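J.: As input, take my_file.txt (compact mmCIF, C-alpha atoms):
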# COMPACT_ATOMS: atom_id res chain seq x y z
CA MET A 1 -26.98 -68.05 10.29
CA ILE A 2 -25.81 -71.48 11.32
CA ARG A 3 -26.45 -73.95 8.51
CA LYS A 4 -27.10 -77.57 9.46
CA ILE A 5 -25.52 -79.78 6.86
CA MET A 6 -27.99 -82.61 7.08
CA ALA A 7 -31.29 -83.81 5.63
CA HIS A 8 -34.53 -82.20 6.75
CA ALA A 9 -35.66 -85.34 8.53
CA ARG A 10 -32.43 -85.47 10.53
CA GLN A 11 -32.82 -81.79 11.43
CA THR A 12 -36.27 -82.50 12.84
CA LEU A 13 -35.03 -85.53 14.74
CA ALA A 14 -32.09 -83.60 16.23
CA ALA A 15 -34.39 -80.83 17.44
CA ALA A 16 -36.76 -83.35 19.01
CA CYS A 17 -33.93 -85.09 20.83
CA ILE A 18 -32.48 -82.07 22.67
CA GLY A 19 -34.31 -82.97 25.85
CA MET A 20 -33.45 -86.63 25.42
CA ILE A 21 -29.72 -85.86 25.42
CA THR A 22 -29.92 -84.29 28.85
CA ALA A 23 -32.20 -87.01 30.17
CA ALA A 24 -29.99 -89.79 28.89
CA THR A 25 -26.92 -88.18 30.42
CA LEU A 26 -28.57 -87.77 33.82
CA THR A 27 -29.89 -91.33 33.86
CA GLY A 28 -26.67 -92.90 32.65
CA GLY A 29 -28.20 -93.86 29.28
CA PRO A 30 -26.40 -93.44 25.93
CA ALA A 31 -25.85 -89.80 24.90
CA LEU A 32 -25.86 -88.60 21.32
CA ALA A 33 -22.50 -87.54 19.84
CA GLU A 34 -21.64 -83.85 19.87
CA PRO A 35 -21.93 -82.16 16.47
CA LEU A 36 -18.87 -80.70 14.81
CA ARG A 37 -19.04 -76.91 15.00
CA ILE A 38 -17.08 -74.89 12.42
CA LEU A 39 -16.50 -71.14 12.61
CA THR A 40 -15.40 -69.83 9.22
CA SER A 41 -15.22 -66.89 6.85
CA MET A 42 -14.88 -69.22 3.85
CA PRO A 43 -17.54 -68.95 1.12
CA PRO A 44 -20.26 -71.62 1.06
CA PRO A 45 -19.07 -73.21 -2.24
CA LEU A 46 -15.87 -74.22 -0.43
CA THR A 47 -17.35 -75.27 2.91
CA ASP A 48 -20.27 -77.11 1.29
CA ALA A 49 -17.96 -79.12 -0.96
CA PHE A 50 -15.74 -80.22 1.92
CA ILE A 51 -18.59 -81.01 4.28
CA ALA A 52 -20.47 -83.05 1.67
CA SER A 53 -17.36 -85.09 0.93
CA PHE A 54 -16.56 -85.48 4.64
CA ARG A 55 -20.07 -86.78 5.37
CA GLN A 56 -19.64 -89.45 2.72
CA ARG A 57 -16.81 -90.76 4.87
CA TYR A 58 -18.58 -90.11 8.19
CA PRO A 59 -22.30 -90.51 7.38
CA THR A 60 -23.48 -90.16 10.97
CA ALA A 61 -21.54 -86.96 11.62
CA GLU A 62 -23.54 -83.81 12.21
CA VAL A 63 -21.78 -80.64 11.08
CA LEU A 64 -22.83 -77.11 12.01
CA VAL A 65 -21.30 -74.12 10.22
CA LEU A 66 -21.37 -70.49 11.26
CA ASN A 67 -20.16 -68.19 8.50
CA LYS A 68 -18.79 -65.04 10.10
CA ASN A 69 -16.33 -62.38 9.00
CA THR A 70 -12.79 -63.01 10.18
CA ASN A 71 -12.57 -60.18 12.66
CA SER A 72 -15.84 -61.17 14.36
CA GLY A 73 -14.66 -64.78 14.45
CA VAL A 74 -11.40 -63.79 16.12
CA ASP A 75 -13.31 -61.70 18.62
CA GLU A 76 -15.57 -64.63 19.54
CA ILE A 77 -12.63 -66.97 20.07
CA VAL A 78 -10.58 -64.44 22.04
CA ARG A 79 -13.57 -63.92 24.33
CA GLY A 80 -13.42 -67.59 25.30
CA ASN A 81 -15.20 -69.46 22.49
CA PRO A 82 -18.44 -69.54 24.53
CA ARG A 83 -20.38 -71.47 21.88
CA GLY A 84 -17.81 -74.26 21.79
CA PHE A 85 -16.65 -74.12 18.18
CA ASP A 86 -14.26 -76.91 17.25
CA ILE A 87 -12.62 -75.50 14.10
CA PHE A 88 -11.56 -72.05 12.91
CA TRP A 89 -11.19 -71.83 9.14
CA ALA A 90 -10.14 -68.60 7.39
CA SER A 91 -7.81 -66.98 4.85
CA SER A 92 -6.18 -64.40 7.12
CA PRO A 93 -2.88 -65.72 8.53
CA GLU A 94 -2.56 -62.95 11.14
CA ALA A 95 -5.91 -64.02 12.58
CA PHE A 96 -4.42 -67.42 13.42
CA VAL A 97 -1.33 -65.88 14.99
CA LEU A 98 -3.61 -63.66 17.08
CA VAL A 99 -5.86 -66.53 18.20
CA GLY A 100 -2.77 -68.55 19.06
CA GLU A 101 -1.43 -65.70 21.16
CA HIS A 102 -4.67 -65.85 23.17
CA GLN A 103 -4.31 -69.64 23.63
CA GLY A 104 -7.34 -70.23 21.45
CA PHE A 105 -6.05 -73.38 19.74
CA ALA A 106 -5.76 -76.89 21.14
CA ALA A 107 -2.00 -77.38 21.05
CA THR A 108 -2.07 -81.17 21.29
CA GLY A 109 -4.31 -84.08 20.44
CA CYS A 110 -4.49 -83.95 16.64
CA PRO A 111 -1.66 -85.72 14.79
CA ALA A 112 -2.63 -83.97 11.57
CA LEU A 113 -1.56 -80.60 13.02
CA PRO A 114 1.73 -79.12 14.21
CA PRO A 115 2.04 -78.18 17.91
CA GLU A 116 0.59 -74.70 17.40
CA GLY A 117 -2.78 -76.27 16.55
CA HIS A 118 -3.31 -74.88 13.03
CA ALA A 119 -1.93 -75.48 9.53
CA THR A 120 -1.99 -74.02 6.03
CA PHE A 121 -4.40 -75.76 3.66
CA ALA A 122 -4.43 -73.39 0.64
CA LEU A 123 -2.68 -70.38 -0.88
CA SER A 124 -4.21 -67.12 -2.10
CA SER A 125 -3.34 -63.62 -3.16
CA ILE A 126 -5.14 -60.34 -3.71
CA GLY A 127 -5.79 -57.91 -6.53
CA TRP A 128 -8.89 -56.55 -8.24
CA THR A 129 -11.74 -57.73 -10.40
CA ARG A 130 -13.91 -56.27 -13.16
CA ARG A 131 -16.76 -57.54 -15.30
CA LYS A 132 -15.47 -59.23 -18.44
CA ASP A 133 -17.90 -57.24 -20.58
CA SER A 134 -16.80 -53.90 -19.09
CA THR A 135 -15.27 -51.35 -21.45
CA LEU A 136 -13.44 -49.67 -18.56
CA PHE A 137 -9.66 -49.98 -18.69
CA MET A 138 -8.48 -52.86 -16.46
CA PRO A 139 -5.97 -51.42 -13.96
CA GLY A 140 -2.48 -52.74 -14.57
CA ASP A 141 -1.04 -52.03 -11.12
CA TRP A 142 -1.99 -50.62 -7.72
CA ASP A 143 -1.14 -47.05 -8.72
CA ASP A 144 -3.51 -47.24 -11.69
CA LEU A 145 -6.37 -47.47 -9.17
CA LEU A 146 -5.64 -43.83 -8.25
CA MET A 147 -6.27 -42.59 -11.80
CA PRO A 148 -9.10 -40.06 -12.39
CA ALA A 149 -10.90 -42.60 -14.61
CA TYR A 150 -11.82 -44.61 -11.52
CA ARG A 151 -13.36 -41.85 -9.41
CA GLY A 152 -16.37 -43.27 -7.63
CA ARG A 153 -15.96 -46.60 -9.41
CA ILE A 154 -14.03 -48.79 -6.92
CA GLY A 155 -15.48 -50.99 -4.20
CA MET A 156 -13.64 -52.40 -1.19
CA ALA A 157 -14.69 -54.20 1.99
CA LEU A 158 -14.11 -52.70 5.42
CA PRO A 159 -10.85 -54.10 6.86
CA SER A 160 -12.52 -54.26 10.28
CA ARG A 161 -15.16 -56.58 8.82
CA SER A 162 -13.18 -58.54 6.24
CA GLY A 163 -10.00 -60.57 6.66
CA THR A 164 -9.35 -60.24 2.93
CA SER A 165 -9.55 -56.47 3.09
CA HIS A 166 -7.39 -56.36 6.21
CA MET A 167 -4.74 -58.34 4.30
CA THR A 168 -5.06 -55.88 1.40
CA VAL A 169 -4.24 -52.98 3.70
CA GLU A 170 -1.40 -54.89 5.36
CA ARG A 171 0.02 -55.86 1.97
CA LEU A 172 0.38 -52.19 0.97
CA LEU A 173 1.78 -51.27 4.40
CA GLN A 174 4.37 -54.03 4.25
CA VAL A 175 5.42 -53.40 0.64
CA ARG A 176 5.41 -49.58 0.72
CA GLY A 177 6.06 -48.84 4.37
CA TRP A 178 3.81 -47.44 7.08
CA GLN A 179 3.41 -43.81 5.98
CA ARG A 180 3.45 -44.39 2.22
CA GLY A 181 1.04 -47.28 2.58
CA TRP A 182 -1.48 -45.17 4.50
CA ALA A 183 -1.01 -42.29 2.06
CA TYR A 184 -2.04 -44.71 -0.69
CA PHE A 185 -5.34 -45.62 0.96
CA MET A 186 -6.14 -42.02 1.80
CA SER A 187 -5.55 -41.19 -1.85
CA LEU A 188 -7.66 -44.18 -2.89
CA SER A 189 -10.57 -42.76 -0.86
CA GLU A 190 -11.04 -40.25 -3.71
CA ASN A 191 -11.99 -43.10 -6.04
CA LEU A 192 -13.95 -45.34 -3.66
CA SER A 193 -17.61 -45.79 -4.42
CA THR A 194 -18.37 -47.65 -1.21
CA LEU A 195 -16.98 -49.79 1.60
CA THR A 196 -18.94 -53.03 1.94
CA SER A 197 -19.47 -54.98 5.15
CA ARG A 198 -18.22 -58.30 3.73
CA SER A 199 -15.84 -59.49 1.02
CA PHE A 200 -18.78 -61.10 -0.76
CA GLY A 201 -20.35 -57.64 -1.08
CA VAL A 202 -17.48 -56.51 -3.31
CA LEU A 203 -18.18 -59.30 -5.81
CA ASP A 204 -21.92 -58.63 -5.68
CA GLY A 205 -21.31 -54.91 -6.31
CA VAL A 206 -19.18 -55.56 -9.38
CA LYS A 207 -21.59 -58.12 -10.80
CA SER A 208 -24.57 -55.80 -10.32
CA ASP A 209 -22.71 -52.77 -11.77
CA ARG A 210 -22.95 -50.77 -8.54
CA PHE A 211 -19.25 -50.08 -9.11
CA ASP A 212 -16.78 -51.17 -11.77
CA ILE A 213 -13.66 -52.37 -9.94
CA GLY A 214 -13.55 -54.43 -6.76
CA LEU A 215 -10.55 -55.13 -4.54
CA THR A 216 -10.71 -58.81 -3.68
CA ILE A 217 -8.93 -62.13 -3.29
CA ASP A 218 -8.29 -64.48 -6.19
CA PHE A 219 -10.51 -67.43 -5.27
CA LEU A 220 -13.63 -65.29 -4.89
CA ALA A 221 -13.22 -63.80 -8.35
CA VAL A 222 -11.91 -66.72 -10.43
CA THR A 223 -14.97 -68.84 -9.61
CA GLU A 224 -17.24 -66.18 -11.15
CA PRO A 225 -17.56 -66.79 -14.92
CA ASP A 226 -18.50 -63.17 -15.68
CA LEU A 227 -15.55 -61.60 -13.86
CA ALA A 228 -11.91 -61.01 -14.80
CA PHE A 229 -9.22 -60.83 -12.11
CA ARG A 230 -5.74 -59.35 -11.96
CA TYR A 231 -3.13 -59.74 -9.23
CA GLY A 232 -1.46 -56.69 -7.76
CA ARG A 233 2.34 -56.80 -8.00
CA PRO A 234 4.56 -57.62 -6.32
CA VAL A 235 2.41 -60.66 -5.67
CA MET A 236 2.23 -61.60 -2.01
CA ILE A 237 1.03 -65.13 -1.25
CA PHE A 238 -1.19 -65.58 1.82
CA PRO A 239 -1.46 -68.96 3.58
CA ALA A 240 -5.12 -69.78 4.31
CA GLN A 241 -5.37 -71.95 7.40
CA ILE A 242 -7.51 -74.28 9.47
CA GLY A 243 -7.13 -74.88 13.19
CA LEU A 244 -8.42 -76.98 16.09
CA LEU A 245 -9.92 -74.76 18.77
CA ALA A 246 -9.63 -75.27 22.49
CA ALA A 247 -12.88 -75.75 24.41
CA GLY A 248 -14.63 -77.42 21.48
CA GLY A 249 -17.14 -80.19 22.07
CA ALA A 250 -16.02 -82.69 19.40
CA PRO A 251 -12.21 -82.63 19.22
CA ASP A 252 -11.84 -86.11 17.71
CA LEU A 253 -14.34 -85.41 14.92
CA ALA A 254 -12.69 -82.03 14.35
CA CYS A 255 -9.31 -83.72 13.99
CA ASP A 256 -10.79 -86.15 11.46
CA PHE A 257 -12.19 -83.22 9.46
CA ILE A 258 -8.87 -81.33 9.49
CA ARG A 259 -7.02 -84.49 8.49
CA PHE A 260 -9.37 -84.81 5.51
CA VAL A 261 -8.90 -81.15 4.46
CA LEU A 262 -5.11 -81.61 4.51
CA SER A 263 -5.17 -84.99 2.77
CA ASP A 264 -4.59 -85.48 -0.96
CA ASP A 265 -8.32 -86.04 -1.46
CA GLY A 266 -9.11 -82.81 0.35
CA GLN A 267 -6.44 -80.90 -1.53
CA ARG A 268 -7.86 -82.13 -4.84
CA LEU A 269 -11.23 -80.71 -3.87
CA LEU A 270 -9.62 -77.26 -3.90
CA LEU A 271 -9.05 -77.64 -7.63
CA THR A 272 -12.72 -78.06 -8.52
CA PRO A 273 -13.96 -75.06 -10.52
CA SER A 274 -16.58 -74.09 -7.93
CA VAL A 275 -13.89 -73.87 -5.21
CA GLY A 276 -10.95 -72.47 -7.19
CA ARG A 277 -8.22 -72.55 -4.55
CA ILE A 278 -4.48 -73.20 -4.82
CA PRO A 279 -3.55 -76.36 -2.86
CA VAL A 280 -0.74 -75.96 -0.38
CA SER A 281 0.77 -79.24 -1.56
CA ALA A 282 3.43 -78.45 -4.18
CA ALA A 283 3.48 -82.11 -5.26
CA LEU A 284 -0.26 -82.08 -5.86
CA ARG A 285 -0.03 -78.80 -7.77
CA ALA A 286 2.60 -80.37 -10.00
CA GLN A 287 0.44 -83.45 -10.58
CA ALA A 288 -2.63 -81.33 -11.24
CA GLY A 289 -0.98 -79.40 -14.08
CA ASP A 290 -3.63 -77.47 -16.00
CA ALA A 291 -6.21 -78.14 -13.29
CA VAL A 292 -4.57 -75.26 -11.43
CA PRO A 293 -5.81 -72.11 -13.20
CA GLU A 294 -3.08 -70.50 -15.29
CA LEU A 295 -3.56 -67.20 -13.49
CA MET A 296 -2.84 -68.83 -10.13
CA ARG A 297 0.14 -70.81 -11.42
CA HIS A 298 1.59 -67.57 -12.73
CA ALA A 299 1.04 -65.87 -9.36
CA ILE A 300 3.00 -68.52 -7.48
CA LYS A 301 5.91 -68.13 -9.89
CA LEU A 302 5.85 -64.35 -9.49
CA SER A 303 5.72 -64.37 -5.70
CA TRP A 304 8.79 -62.88 -4.08
CA GLN A 305 7.42 -60.74 -1.27
CA PRO A 306 6.82 -62.73 1.94
CA TYR A 307 3.85 -61.81 4.10
CA ASN A 308 4.78 -61.05 7.71
CA ALA A 309 1.77 -62.38 9.61
CA ASP A 310 3.45 -61.74 12.97
CA LEU A 311 3.89 -58.03 12.17
CA ALA A 312 0.29 -57.89 10.96
CA LYS A 313 -0.80 -59.49 14.24
CA GLN A 314 1.06 -56.94 16.34
CA ARG A 315 -0.92 -54.06 14.82
CA TYR A 316 -4.15 -55.93 14.05
CA TRP A 317 -6.48 -53.77 16.15
CA SER A 318 -4.64 -50.57 15.26
CA VAL A 319 -4.82 -51.06 11.49
CA ASN A 320 -8.55 -51.69 11.64
CA ALA A 321 -9.11 -48.74 13.98
CA ILE A 322 -6.99 -46.35 11.90
CA PHE A 323 -8.77 -47.28 8.68
CA ASP A 324 -12.16 -46.74 10.32
CA LEU A 325 -11.26 -43.48 12.07
CA PHE A 326 -9.36 -41.85 9.20
CA ILE A 327 -11.12 -43.28 6.13
CA SER A 328 -14.35 -45.26 6.68
CA ASP A 329 -15.97 -42.85 9.13
CA HIS A 330 -15.27 -39.85 6.87
CA LEU A 331 -15.51 -41.32 3.38
CA PRO A 332 -18.22 -38.93 2.04
CA ARG A 333 -16.39 -35.93 3.46
CA ARG A 334 -13.04 -37.09 2.10
CA ARG A 335 -14.51 -37.54 -1.37
CA GLU A 336 -16.04 -34.07 -1.19
CA LEU A 337 -12.72 -32.49 -0.14
CA TRP A 338 -10.89 -34.30 -2.93
CA ALA A 339 -13.49 -33.09 -5.45
CA ARG A 340 -13.07 -29.49 -4.31
CA LEU A 341 -9.29 -29.78 -4.55
CA ARG A 342 -9.45 -31.20 -8.09
CA ALA A 343 -11.86 -28.43 -9.12
CA LEU A 344 -9.36 -25.79 -7.94
CA GLU A 345 -6.51 -27.55 -9.74
CA ALA A 346 -8.53 -27.32 -12.97
CA THR A 347 -8.94 -23.52 -12.82
CA PRO A 348 -6.74 -21.04 -14.74
CA GLU A 349 -5.47 -19.77 -11.35
CA ALA A 350 -4.12 -23.22 -10.43
CA PRO A 351 -0.42 -22.35 -11.00
CA ASP A 352 -0.68 -19.50 -8.50
CA MET A 353 -2.21 -21.86 -5.96
CA ALA A 354 0.25 -24.74 -6.45
CA ALA A 355 1.98 -24.45 -3.11
CA GLU A 356 -1.30 -24.26 -1.20
CA THR A 357 -3.02 -27.08 -3.10
CA ALA A 358 0.05 -29.26 -2.50
CA ARG A 359 -0.27 -28.53 1.22
CA ILE A 360 -3.95 -29.50 1.14
CA GLU A 361 -3.09 -32.78 -0.57
CA ARG A 362 -0.58 -33.50 2.18
CA LEU A 363 -3.30 -32.88 4.76
CA LEU A 364 -5.51 -35.38 2.96
CA THR A 365 -2.82 -38.07 2.74
CA THR A 366 -0.94 -37.71 6.03
CA LEU A 367 -1.40 -40.15 8.91
CA PRO A 368 -0.41 -38.52 12.22
CA VAL A 369 0.19 -41.92 13.83
CA SER A 370 3.61 -43.55 13.96
CA GLU A 371 4.10 -47.25 13.35
CA ALA A 372 5.61 -47.60 16.83
CA GLU A 373 2.49 -46.10 18.40
CA ALA A 374 0.28 -48.59 16.57
CA ILE A 375 2.15 -51.70 17.67
CA GLY A 376 1.64 -53.29 21.03
CA HIS A 377 0.51 -56.55 22.61
CA ASP A 378 -1.92 -54.78 24.92
CA LEU A 379 -3.75 -53.24 21.95
CA ASN A 380 -4.83 -56.72 20.86
CA GLU A 381 -6.23 -57.72 24.23
CA LEU A 382 -9.69 -57.13 22.72
CA PRO A 383 -9.05 -57.13 18.96
CA GLY A 384 -12.64 -56.95 17.74
CA ARG A 385 -14.25 -54.27 15.62
CA ILE A 386 -15.02 -50.94 17.30
CA THR A 387 -18.76 -50.24 17.54
CA ASP A 388 -20.98 -48.12 19.76
CA PHE A 389 -21.34 -51.18 22.01
CA THR A 390 -17.65 -52.12 22.17
CA VAL A 391 -15.91 -51.93 25.53
CA LEU A 392 -12.34 -50.78 24.87
CA THR A 393 -9.35 -51.28 27.12
CA ASP A 394 -7.91 -48.13 28.70
CA GLN A 395 -5.04 -48.09 26.20
CA GLN A 396 -7.35 -48.63 23.24
CA LYS A 397 -9.70 -45.88 24.40
CA ALA A 398 -6.84 -43.39 24.86
CA LEU A 399 -5.57 -44.02 21.32
CA HIS A 400 -9.07 -44.12 19.88
CA ASP A 401 -9.84 -40.68 21.33
CA ARG A 402 -6.51 -39.24 20.21
CA TRP A 403 -6.81 -40.60 16.68
CA THR A 404 -10.43 -39.45 16.37
CA LYS A 405 -9.42 -35.88 17.24
CA ALA A 406 -6.41 -36.00 14.89
CA SER A 407 -8.57 -37.20 12.01
CA HIS A 408 -11.12 -34.42 12.52
CA ASP A 409 -8.36 -31.81 12.86
CA LEU A 410 -6.69 -32.75 9.56
CA LEU A 411 -9.94 -32.70 7.64
CA ASP A 412 -10.98 -29.40 9.23
CA GLN A 413 -7.65 -27.88 8.23
CA ALA A 414 -8.07 -29.09 4.65
CA ASP A 415 -11.64 -27.77 4.57
CA ALA A 416 -10.59 -24.35 5.84
CA ALA A 417 -7.70 -24.12 3.38
CA LEU A 418 -9.98 -25.04 0.48
CA SER A 419 -12.54 -22.44 1.57
CA ARG A 420 -9.87 -19.74 1.58
CA LEU A 421 -8.76 -20.63 -1.94
CA GLU A 422 -12.34 -20.87 -3.20
CA ALA A 423 -13.03 -17.38 -1.80
CA THR A 424 -9.99 -15.87 -3.52
CA PRO A 425 -11.12 -13.50 -6.30
Kindly present the structure from the file in structure tokens form.
T.:
Amino acid sequence: MIRKIMAHARQTLAAACIGMITAATLTGGPALAEPLRILTSMPPPLTDAFIASFRQRYPTAEVLVLNKNTNSGVDEIVRGNPRGFDIFWASSPEAFVLVGEHQGFAATGCPALPPEGHATFALSSIGWTRRKDSTLFMPGDWDDLLMPAYRGRIGMALPSRSGTSHMTVERLLQVRGWQRGWAYFMSLSENLSTLTSRSFGVLDGVKSDRFDIGLTIDFLAVTEPDLAFRYGRPVMIFPAQIGLLAAGGAPDLACDFIRFVLSDDGQRLLLTPSVGRIPVSAALRAQAGDAVPELMRHAIKLSWQPYNADLAKQRYWSVNAIFDLFISDHLPRRRELWARLRALEATPEAPDMAAETARIERLLTTLPVSEAEAIGHDLNELPGRITDFTVLTDQQKALHDRWTKASHDLLDQADAALSRLEATP
């Protein structure tokens, strides 16, 4: 829901003046200034802090914020930005590359920005969180998350609904390679409790004890006093960005806001405990010293693996579609197949079945899609999430149908093989 960042009296006045704006324009009278419209996936503690500080500098400015998941935001901009948003503000770097490829940013007119129309304002990285009072072992690395102790105890957001989760998948694909990366997530499906619709849902699930471990991004977890966070290694730093959109209604005000976010004053706001972000300014980080949380300072020192946002952009739609078609859409069935396999492996006859159970595990962890097949400019023509109401391009539909069949076939083969072993006297 769009949140008007203004006093109640001003909200009432603005609503009453809608007709007056049109009338004044038609009669040549003075028109009211356009509000600044921001499309963002950032959490309210961050956006509220920046908007409140910005309005101290521009007290007459009206600011409207729509909080939307990254993929839905990209989809809206790619479809022409019909609601005239001025600013796109998110943590996913590939989303900015993708919007830029669709000419979604205003390339000129804001001295605070480089020619591409967007800039990095903060740094982040991903890992997992757990309640501080939990007695469950805190995973030490990504492979620990596959341990039997975590079966049914891990929460993750849908990559097709969360920029953070999409980056999590891409991080494993880029570090481990295409096939090994997908094998990891198919193995992780054994331990997943749920897939939430937003990144915020992961934090809520951990805090409410719906599950014990949540895959998330640092700034969401470190601002929660009851949660502990650990980075996955090798640490991969992601540049969170802000950009000036084409077809916005208040480009000058948008430029002023972006200039403030990138200024020293704006960068210092990132260090407030309720925001908990790493400023992009190295000089400011050095000046801030202990104001930068020790965990985040350590992460920057550890970082050695660059994040290839351009590669992530090239397979943006495909990665989301593959995760949905091979994992999200079949999560209960996958968990059931894994449980049956583990039950067989625990029987006295397990040594005699070793070759067949190994084949079943390969069926459950194999992705029958090559990296080359998943990459292509045309696949990102309409990069939004696939739903029952989504109109796919011809190329997207052909791959969607092929991948759907392949996913069903693999699971059916695993099911049949398990049934044969279970029926063996």
J.: Dump as a ChimeraX atom specification all residues having an atom at most 7 Å from (-14.3, -58.9, 8.0), computed in the file's coordinates with all atoms listed in the file.
T.: /A:69-72,158-163,198
J.: Set the distance at 9 Å and use all atoms listed in the file: which residues neighbour A:Arg334 once local chain neighbours fewer than 2 positions away are removed? I'd like the list as an MDAnalysis selection string.
T.: chainID A and resid 186 189:190 327 330:332 336:339 364 411
J.: Only C-alpha atoms, please: the residues just picked out, written as a PDB file, keeping the file's coordinate frame.
T.:
ATOM      1  CA  MET A 186      -6.140 -42.020   1.800  1.00  0.00           C
ATOM      2  CA  SER A 189     -10.570 -42.760  -0.860  1.00  0.00           C
ATOM      3  CA  GLU A 190     -11.040 -40.250  -3.710  1.00  0.00           C
ATOM      4  CA  ILE A 327     -11.120 -43.280   6.130  1.00  0.00           C
ATOM      5  CA  HIS A 330     -15.270 -39.850   6.870  1.00  0.00           C
ATOM      6  CA  LEU A 331     -15.510 -41.320   3.380  1.00  0.00           C
ATOM      7  CA  PRO A 332     -18.220 -38.930   2.040  1.00  0.00           C
ATOM      8  CA  GLU A 336     -16.040 -34.070  -1.190  1.00  0.00           C
ATOM      9  CA  LEU A 337     -12.720 -32.490  -0.140  1.00  0.00           C
ATOM     10  CA  TRP A 338     -10.890 -34.300  -2.930  1.00  0.00           C
ATOM     11  CA  ALA A 339     -13.490 -33.090  -5.450  1.00  0.00           C
ATOM     12  CA  LEU A 364      -5.510 -35.380   2.960  1.00  0.00           C
ATOM     13  CA  LEU A 411      -9.940 -32.700   7.640  1.00  0.00           C
TER      14      LEU A 411
END
J.: Go through A:Leu341, A:Leu172, A:Val319, A:Leu64 one by one, measure the shortest atom-to-atom distance of each to A:Ile126 using all atoms listed in the file, and give the residue with the smallest value.
T.: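 Closest to A:Ile126 of all the choices is A:Leu172.
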J.: Each side padded by 4 Å, which centre and which edge lengths in Å (one decimal) define the axis-aligned box around the listed atoms of stretch 97-102 of chain A? Give them as lines of an AutoDock Vina configuration file.
T.:
center_x = -3.6
center_y = -66.1
center_z = 19.1
size_x = 12.5
size_y = 12.9
size_z = 16.2
J.: Provide the atom CA of A:Ile375 to atom CA of A:Arg315 distance in Å, to one decimal place.
T.: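 Pair atom CA of A:Ile375 / atom CA of A:Arg315 returns 4.8 Å.
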J.: For A:Gly140, which residue among A:Pro273, A:Gly104, A:Gly232, A:Gly117 is the nearest when counting all atoms listed in the file?
T.: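 Selected residue with least distance to A:Gly140: A:Gly232.
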J.: Counting all atoms listed in the file, which of A:Thr424, A:Ser53, A:Thr216, A:Asn308 gets nearest to A:Thr196?
T.: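 Nearest candidate to A:Thr196 out of A:Thr424, A:Ser53, A:Thr216, A:Asn308: A:Thr216.
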J.: With all atoms listed in the file as the atoms that count, which of A:Val206, A:Met353, A:Ala250, A:Ala423 lies nearest to A:Ile87?
T.: A:Ala250
J.: Tell me which of A:Val275, A:Leu146, A:Ala312, A:Ala119 sits closest to A:Thr168, counting all atoms listed in the file.
T.: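 Selected residue with least distance to A:Thr168: A:Ala312.
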J.: Using all atoms listed in the file, which residues sit within 12 Å of A:Val280 once same-chain residues fewer than 4 positions away are excluded, as a PyMOL selection string?
T.: chain A and resi 119-124+237-241+261-264+266-268+270-271+284-286+292+300
J.: Near stretch 81-84 of chain A, within 6 Å and counting all atoms listed in the file, which residues show up once chain neighbours fewer than 3 positions away are dropped, as a PyMOL selection string?
T.: chain A and resi 76-77+247-249
J.: One decimal, in Å: what's the spacing between atom CA of A:Ser197 and atom CA of A:Asn67?
T.: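 Between these atoms lies a distance of 13.6 Å.
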J.: May I ask for the distance between atom CA of A:Ser370 and atom CA of A:Asp394, given in Å to one decimal place?
T.: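 Atom CA of A:Ser370 sits 19.3 Å away from atom CA of A:Asp394.
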J.: Between A:Ile258, A:Leu203, A:Ala346, A:Val74, which one has atoms that come closest to A:Phe96, using all atoms listed in the file?
T.: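 Of A:Ile258, A:Leu203, A:Ala346, A:Val74, the one nearest A:Phe96 is A:Val74, counting all atoms listed in the file.
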